[in-house]
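For reference, the structure discussed in these notes is given below.
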Amino acid sequence: MAFAVSRGRILTWALEAHVTDHCNLRCAHCCTLSPHLGPRVLDPAELERDLRAAARALRPAVFKLTGGEPLLHPDILACVRVARASGISDQISLTTNGLLLGGAPEALFEGLDRLTVSDYSSAPLPERLLLTVRERCARHGVHLTVKRIDRFQRMDPETALSEAEAHDVHSSCWLKVRCHMIRDGRFYACTRPPHIEARLRSLGRHTALAEADGVELGGPFLLRRLLGYLESDEPLASCRHCLGTSGAWDGHRQLARAAVPPAGRHVTTARMAR
């Protein structure tokens with residue numbers, strides 16, 4: 001796929017930063033593998049550094065703060081402010097399961113342009129909470145999208161894919177167009193590599209998928225390097241451990257607590273900066 005360039009910046013669909021890896025739900029087939037990963041909170045200073053570097057060569061239509069569950073971040077407001085100040089995009093968005101929105105400060109809504117709430121059938125949101133969220137979004141001019149989700153796509157193969165299978169997965173996967181991510185000073189065409197690497201390492205399989213699959217945001221010729229990476233037809237190293245958008249669909253459900261290792265068990269509430 002060819003990407004347009006305007007004023008020295010690549011025009012893309014969206015860019016994400018996962019401000020937490022952990023979540024207050026245990027969704028089976030979670031695309032970010034949150035139930036199986038240990039707690040991780042993104043330092044706002046690190047986010048600021050990565051956004052400053054990315055803004056040299058990228059212009060996404062929307063910048064998304066997500067997770068994990070982003071409202072578990074103890075200073076999510078700082079992340080929102082950093083995103084706004086970076087100038088990476090005119091649209092700053094937050095994606096959440098919504099369960100903690102009842103305790104969110106007004107400043108969170110003031111700082112956002114868009115809010116996406118995933119309302120899962122296995123952990124449905126109370127209508128009263130949704131009504132309150134709708135009222136607060138309307139009051140602050142935030143575009144609200146509520147996605148009612150009753151199934152997840154299987155993304156994790158039981159065994160590693162062959163090179164041919166990985167190529168087929170990559171060629172048909174839309175994540176590489178719509179789900180770009182920055183993390184640890186690198187840009188990824190897909191949100192999966194760092195999470196897959198963390199999961200494999202937790203299973204005792206030491207890999208360097210994140211380094212192999214991403215592009216360093218520092219250094220010269222960033223625009224050229226990013227374009228070459230984004231427009232490549234070669235699958236990522238992580239594609240051998242991912243079904244992308246080719247996997248079968250399964251009814252949405254929560255994993256039993258006993259099925260989640262201790263490193264993947266998390267608290268269900270968080271104190272947010274007011």
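Here's how to read the names in the structure tokens: chain A, B, ... by the order shown, residue numbers from 1 in each chain, ligand numbers from 1 in the order shown.
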Problem set entry | alpha helix (DSSP H) call set, DSSP backbone run, stretch 103-260 of chain A, as a ChimeraX atom specification | /A:106-111,127-140,163-172,175-178,192-202,209-213,222-230
For this session: Show which residues sit within 7 Å of stretch 66-72 of chain A, as a PyMOL selection string. Count only C-alpha atoms, and ignore same-chain residues fewer than 3 positions away.
Result: chain A and resi 16-24+32+34+76+94-97+100+269-270
Export N, CA and C atoms of the chosen residues as a short mmCIF file (atom, residue, chain, number, x, y, z; two decimals), in the first residue's frame?
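Contents of result_15.cif, freshly written:
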```cif
data_model
loop_
_atom_site.label_atom_id
_atom_site.label_comp_id
_atom_site.auth_asym_id
_atom_site.auth_seq_id
_atom_site.Cartn_x
_atom_site.Cartn_y
_atom_site.Cartn_z
N GLU A 16 -1.35 4.78 17.77
CA GLU A 16 -1.72 4.45 19.14
C GLU A 16 -0.52 4.49 20.07
N ALA A 17 -0.82 4.74 21.34
CA ALA A 17 0.13 4.48 22.42
C ALA A 17 -0.63 3.72 23.48
N HIS A 18 -0.07 2.60 23.92
CA HIS A 18 -0.70 1.80 24.96
C HIS A 18 -0.13 2.25 26.30
N VAL A 19 -0.92 3.02 27.03
CA VAL A 19 -0.41 3.63 28.26
C VAL A 19 -0.36 2.63 29.42
N THR A 20 -1.07 1.52 29.28
CA THR A 20 -0.96 0.39 30.21
C THR A 20 -1.00 -0.89 29.39
N ASP A 21 -0.42 -1.94 29.95
CA ASP A 21 -0.57 -3.27 29.35
C ASP A 21 -1.64 -4.07 30.07
N HIS A 22 -1.84 -3.80 31.34
CA HIS A 22 -2.77 -4.57 32.15
C HIS A 22 -4.19 -4.01 32.03
N CYS A 23 -5.15 -4.80 32.49
CA CYS A 23 -6.56 -4.46 32.32
C CYS A 23 -7.34 -4.93 33.53
N ASN A 24 -8.54 -4.38 33.72
CA ASN A 24 -9.42 -4.82 34.79
C ASN A 24 -10.41 -5.89 34.32
N THR A 32 -4.28 -7.59 22.73
CA THR A 32 -3.04 -7.12 23.35
C THR A 32 -2.53 -8.07 24.43
N SER A 34 -3.53 -8.77 27.29
CA SER A 34 -3.49 -8.17 28.62
C SER A 34 -3.65 -9.16 29.78
N ILE A 76 -3.49 9.47 33.83
CA ILE A 76 -3.96 9.48 32.45
C ILE A 76 -4.13 10.90 31.93
N LEU A 94 -9.48 8.37 23.21
CA LEU A 94 -9.24 7.39 24.26
C LEU A 94 -10.15 6.19 24.00
N THR A 95 -9.57 4.98 24.09
CA THR A 95 -10.35 3.75 23.93
C THR A 95 -10.35 3.02 25.26
N THR A 96 -11.52 2.67 25.77
CA THR A 96 -11.65 2.10 27.10
C THR A 96 -12.81 1.10 27.16
N ASN A 97 -12.76 0.21 28.14
CA ASN A 97 -13.91 -0.67 28.36
C ASN A 97 -15.02 0.04 29.14
N LEU A 100 -14.50 2.24 34.34
CA LEU A 100 -13.98 3.23 35.30
C LEU A 100 -14.38 4.66 34.93
N THR A 269 -9.66 -1.25 40.15
CA THR A 269 -9.90 0.18 40.26
C THR A 269 -8.59 0.91 40.20
N ALA A 270 -8.67 2.20 39.92
CA ALA A 270 -7.45 3.02 39.89
C ALA A 270 -7.79 4.44 40.31
#
```
For this session: Write out as a list in words which residues come within 9 Å of A:Tyr188 when counting only C-alpha atoms, dropping same-chain ones fewer than 6 positions away.
Result: Lys176, Cys179, His180, Met181, Ile182, Pro194, Ala210, Asp213, Gly214, Val215 and Leu230 of chain A
What would the file look like if the residues just selected were written as a PDB file, in the first residue's frame with C-alpha atoms?
```pdb
ATOM      1  CA  LYS A 176      -0.919  -2.914   9.369  1.00  0.00           C
ATOM      2  CA  CYS A 179      -3.326   0.012  14.004  1.00  0.00           C
ATOM      3  CA  HIS A 180       0.093   1.671  14.061  1.00  0.00           C
ATOM      4  CA  MET A 181       1.779   2.139  17.428  1.00  0.00           C
ATOM      5  CA  ILE A 182       4.669   3.897  19.142  1.00  0.00           C
ATOM      6  CA  PRO A 194       5.736  -5.966  21.705  1.00  0.00           C
ATOM      7  CA  ALA A 210       9.873  -5.991  18.979  1.00  0.00           C
ATOM      8  CA  ASP A 213       9.596  -5.507  13.672  1.00  0.00           C
ATOM      9  CA  GLY A 214       9.811  -1.824  14.557  1.00  0.00           C
ATOM     10  CA  VAL A 215      11.556   1.274  13.237  1.00  0.00           C
ATOM     11  CA  LEU A 230       5.042   0.782   5.905  1.00  0.00           C
TER      12      LEU A 230
END
```
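Our summary of the geometry notes that atom CA of A:Ser86 is positioned 13.8 Å from atom CA of A:Leu112.
Computed from the coordinates, the atom CA of A:Val117 to atom CA of A:Pro74 distance equals 19.2 Å.
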Each residue of stretch 218-252 of chain A lying at most 10 Å from stretch 50-59 of chain A should get a row with its shortest atom-to-atom pair and the distance in Å to one decimal, counting only C-alpha atoms; could you produce that, ordered by chain and increasing number, as JSON lines?
```
{"residue": "A:Gly218", "atom": "CA", "partner": "A:Ala53", "partner_atom": "CA", "distance": 6.6}
{"residue": "A:Gly219", "atom": "CA", "partner": "A:Ala53", "partner_atom": "CA", "distance": 9.5}
{"residue": "A:Phe221", "atom": "CA", "partner": "A:Ala57", "partner_atom": "CA", "distance": 9.4}
{"residue": "A:Leu222", "atom": "CA", "partner": "A:Ala57", "partner_atom": "CA", "distance": 6.6}
{"residue": "A:Leu223", "atom": "CA", "partner": "A:Ala57", "partner_atom": "CA", "distance": 5.2}
{"residue": "A:Arg224", "atom": "CA", "partner": "A:Ala57", "partner_atom": "CA", "distance": 9.0}
{"residue": "A:Arg225", "atom": "CA", "partner": "A:Ala57", "partner_atom": "CA", "distance": 9.9}
{"residue": "A:Leu226", "atom": "CA", "partner": "A:Ala57", "partner_atom": "CA", "distance": 8.0}
{"residue": "A:Leu227", "atom": "CA", "partner": "A:Ala57", "partner_atom": "CA", "distance": 9.5}
```
Write out the residues from the selection above, keeping C-alpha atoms, as a compact mmCIF listing (two decimals), in the first residue's frame.
```txt
# COMPACT_ATOMS: atom_id res chain seq x y z
CA GLY A 218 15.54 8.55 16.35
CA GLY A 219 18.25 9.07 13.79
CA PHE A 221 16.13 9.74 7.25
CA LEU A 222 13.12 8.87 9.43
CA LEU A 223 10.58 9.66 6.72
CA ARG A 224 12.36 7.44 4.22
CA ARG A 225 12.77 4.60 6.71
CA LEU A 226 9.13 4.75 7.79
CA LEU A 227 7.83 4.78 4.23
```
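Nearest residue to A:Gly185, choosing from A:Arg199, A:Arg84, A:His241, A:Arg49 and counting only C-alpha atoms: A:Arg49.
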For this session: Determine which residues of stretch 29-238 of chain A receive a DSSP assignment of strand (DSSP E), computed from the backbone, and state them as a PyMOL selection string.
Result: chain A and resi 58-66+92-96+114-120+143-149+151-153+180-183+186-188+215-216
The selected residues should be written to file as a compact mmCIF listing (two decimals), in the first residue's frame (atoms: C-alpha atoms).
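Contents of out-v2.txt, freshly written:
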```txt
# COMPACT_ATOMS: atom_id res chain seq x y z
CA LEU A 58 3.94 11.12 10.84
CA ARG A 59 0.56 12.82 10.64
CA PRO A 60 -2.19 10.39 11.73
CA ALA A 61 -5.83 11.41 11.36
CA VAL A 62 -6.33 10.42 14.99
CA PHE A 63 -4.02 9.66 17.91
CA LYS A 64 -5.37 7.05 20.33
CA LEU A 65 -4.54 6.44 23.97
CA THR A 66 -5.42 2.88 24.80
CA ILE A 92 -6.99 12.94 20.45
CA SER A 93 -8.93 9.80 21.36
CA LEU A 94 -9.24 7.39 24.26
CA THR A 95 -10.35 3.75 23.93
CA THR A 96 -11.65 2.10 27.10
CA ARG A 114 -13.09 11.35 20.75
CA LEU A 115 -14.00 8.57 23.17
CA THR A 116 -14.51 4.94 22.14
CA VAL A 117 -16.18 2.66 24.68
CA SER A 118 -16.10 -1.11 24.17
CA ASP A 119 -19.21 -2.53 25.80
CA TYR A 120 -18.52 -6.26 26.10
CA HIS A 143 -17.44 12.44 19.79
CA LEU A 144 -18.60 9.23 21.50
CA THR A 145 -18.61 5.78 19.91
CA VAL A 146 -20.05 2.87 21.88
CA LYS A 147 -19.12 -0.50 20.38
CA ARG A 148 -21.26 -3.36 21.66
CA ILE A 149 -19.04 -6.41 21.27
CA ARG A 151 -17.35 -11.82 20.04
CA PHE A 152 -13.58 -11.66 19.62
CA GLN A 153 -11.43 -12.95 16.80
CA HIS A 180 0.09 1.67 14.06
CA MET A 181 1.78 2.14 17.43
CA ILE A 182 4.67 3.90 19.14
CA ARG A 183 6.42 2.23 22.06
CA ARG A 186 10.06 2.69 18.11
CA PHE A 187 7.25 2.77 15.57
CA TYR A 188 5.28 -0.37 14.74
CA VAL A 215 11.56 1.27 13.24
CA GLU A 216 13.66 3.40 15.57
```
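In this comparison, which uses only C-alpha atoms, the residue of A:Cys31, A:Leu42, A:Cys137, A:Leu217 approaching A:Gly244 most closely is A:Cys31.
With only C-alpha atoms taken into account, the protein and nucleic acid residues at most 9 Å from stretch 250-259 of chain A (excluding it and anything under 2 positions from it in its own chain) are Leu25, Arg26, Cys27, Ala28, His29, Pro35, Tyr120, Ser121, Ser122, Ala123, Ile149, Asp150, Arg151, Phe152, Gln153, Arg154, Ala248, Pro261, Pro262 and Arg265 of chain A.
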Those selected residues, please, written with N, CA and C atoms and delivered as a compact mmCIF listing (two decimals), in the first residue's frame.
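As a result, out-v4.txt now contains:
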```txt
# COMPACT_ATOMS: atom_id res chain seq x y z
N LEU A 25 -10.24 -6.38 33.08
CA LEU A 25 -11.00 -7.52 32.58
C LEU A 25 -10.02 -8.61 32.17
N ARG A 26 -10.56 -9.80 31.94
CA ARG A 26 -9.74 -10.93 31.51
C ARG A 26 -10.35 -11.53 30.23
N CYS A 27 -10.43 -10.73 29.19
CA CYS A 27 -11.10 -11.16 27.96
C CYS A 27 -10.29 -12.25 27.26
N ALA A 28 -10.97 -13.35 26.94
CA ALA A 28 -10.35 -14.38 26.11
C ALA A 28 -10.08 -13.79 24.73
N HIS A 29 -8.93 -14.14 24.15
CA HIS A 29 -8.53 -13.67 22.82
C HIS A 29 -8.27 -12.17 22.78
N PRO A 35 -4.56 -10.16 29.68
CA PRO A 35 -4.69 -11.07 30.83
C PRO A 35 -3.42 -11.84 31.16
N TYR A 120 -18.63 -4.83 26.34
CA TYR A 120 -18.52 -6.26 26.10
C TYR A 120 -19.71 -7.01 26.67
N SER A 121 -20.19 -7.99 25.91
CA SER A 121 -21.34 -8.78 26.37
C SER A 121 -21.03 -9.56 27.64
N SER A 122 -19.76 -9.91 27.86
CA SER A 122 -19.40 -10.67 29.07
C SER A 122 -19.13 -9.76 30.27
N ALA A 123 -19.12 -8.45 30.05
CA ALA A 123 -18.94 -7.48 31.14
C ALA A 123 -19.70 -6.21 30.77
N ILE A 149 -19.86 -5.31 21.79
CA ILE A 149 -19.04 -6.41 21.27
C ILE A 149 -19.44 -7.71 21.94
N ASP A 150 -19.85 -8.69 21.13
CA ASP A 150 -20.24 -9.98 21.70
C ASP A 150 -19.36 -11.12 21.20
N ARG A 151 -18.28 -10.79 20.49
CA ARG A 151 -17.35 -11.82 20.04
C ARG A 151 -15.98 -11.22 19.78
N PHE A 152 -14.96 -12.04 19.89
CA PHE A 152 -13.58 -11.66 19.62
C PHE A 152 -13.02 -12.61 18.57
N GLN A 153 -12.08 -12.11 17.80
CA GLN A 153 -11.43 -12.95 16.80
C GLN A 153 -10.19 -13.61 17.41
N ARG A 154 -10.04 -14.89 17.15
CA ARG A 154 -8.85 -15.60 17.61
C ARG A 154 -7.63 -15.08 16.85
N ALA A 248 -10.58 -17.38 13.34
CA ALA A 248 -12.01 -17.64 13.55
C ALA A 248 -12.55 -16.76 14.68
N PRO A 261 -2.17 -16.38 34.84
CA PRO A 261 -1.01 -16.47 35.74
C PRO A 261 -0.94 -15.27 36.67
N PRO A 262 -0.28 -15.41 37.82
CA PRO A 262 -0.22 -14.30 38.78
C PRO A 262 0.24 -13.00 38.17
N ARG A 265 -2.65 -10.88 36.79
CA ARG A 265 -3.79 -10.53 37.62
C ARG A 265 -3.65 -9.10 38.11
```
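Comparing A:Val41, A:Ala85, A:Val80, A:Ile10 by their smallest distance to A:Asp113, the closest is A:Val80 (using only C-alpha atoms).
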Problem set entry | Proximity to A:Glu234 - best of A:Leu37, A:Val142, A:Met155, A:Val169, only C-alpha atoms | A:Val169
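Nearest to A:Ser89 of all the residues A:Met1, A:Leu33, A:Ala14, A:Leu77 is A:Ala14, counting only C-alpha atoms.
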Residues near stretch 205-209 of chain A, anyone? I mean within 9 Å using only C-alpha atoms, not counting same-chain ones fewer than 3 positions away, as a compact mmCIF listing (two decimals) with C-alpha atoms, in the first residue's frame.
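Result file follows (around-v9.txt):
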```txt
# COMPACT_ATOMS: atom_id res chain seq x y z
CA PRO A 193 4.87 -7.29 18.22
CA PRO A 194 5.74 -5.97 21.71
CA ILE A 196 3.66 -11.11 21.54
CA GLU A 197 7.30 -10.77 22.58
CA ALA A 198 6.33 -10.14 26.21
CA ARG A 199 4.03 -13.14 26.18
CA LEU A 200 6.66 -15.44 24.65
CA ARG A 201 9.24 -14.26 27.17
CA SER A 202 6.82 -15.00 30.02
CA ALA A 212 13.02 -6.89 14.56
CA ASP A 213 9.60 -5.51 13.67
CA GLY A 214 9.81 -1.82 14.56
CA LEU A 236 6.70 -8.98 10.26
CA ALA A 237 8.59 -11.48 12.36
CA SER A 238 5.59 -11.41 14.70
```
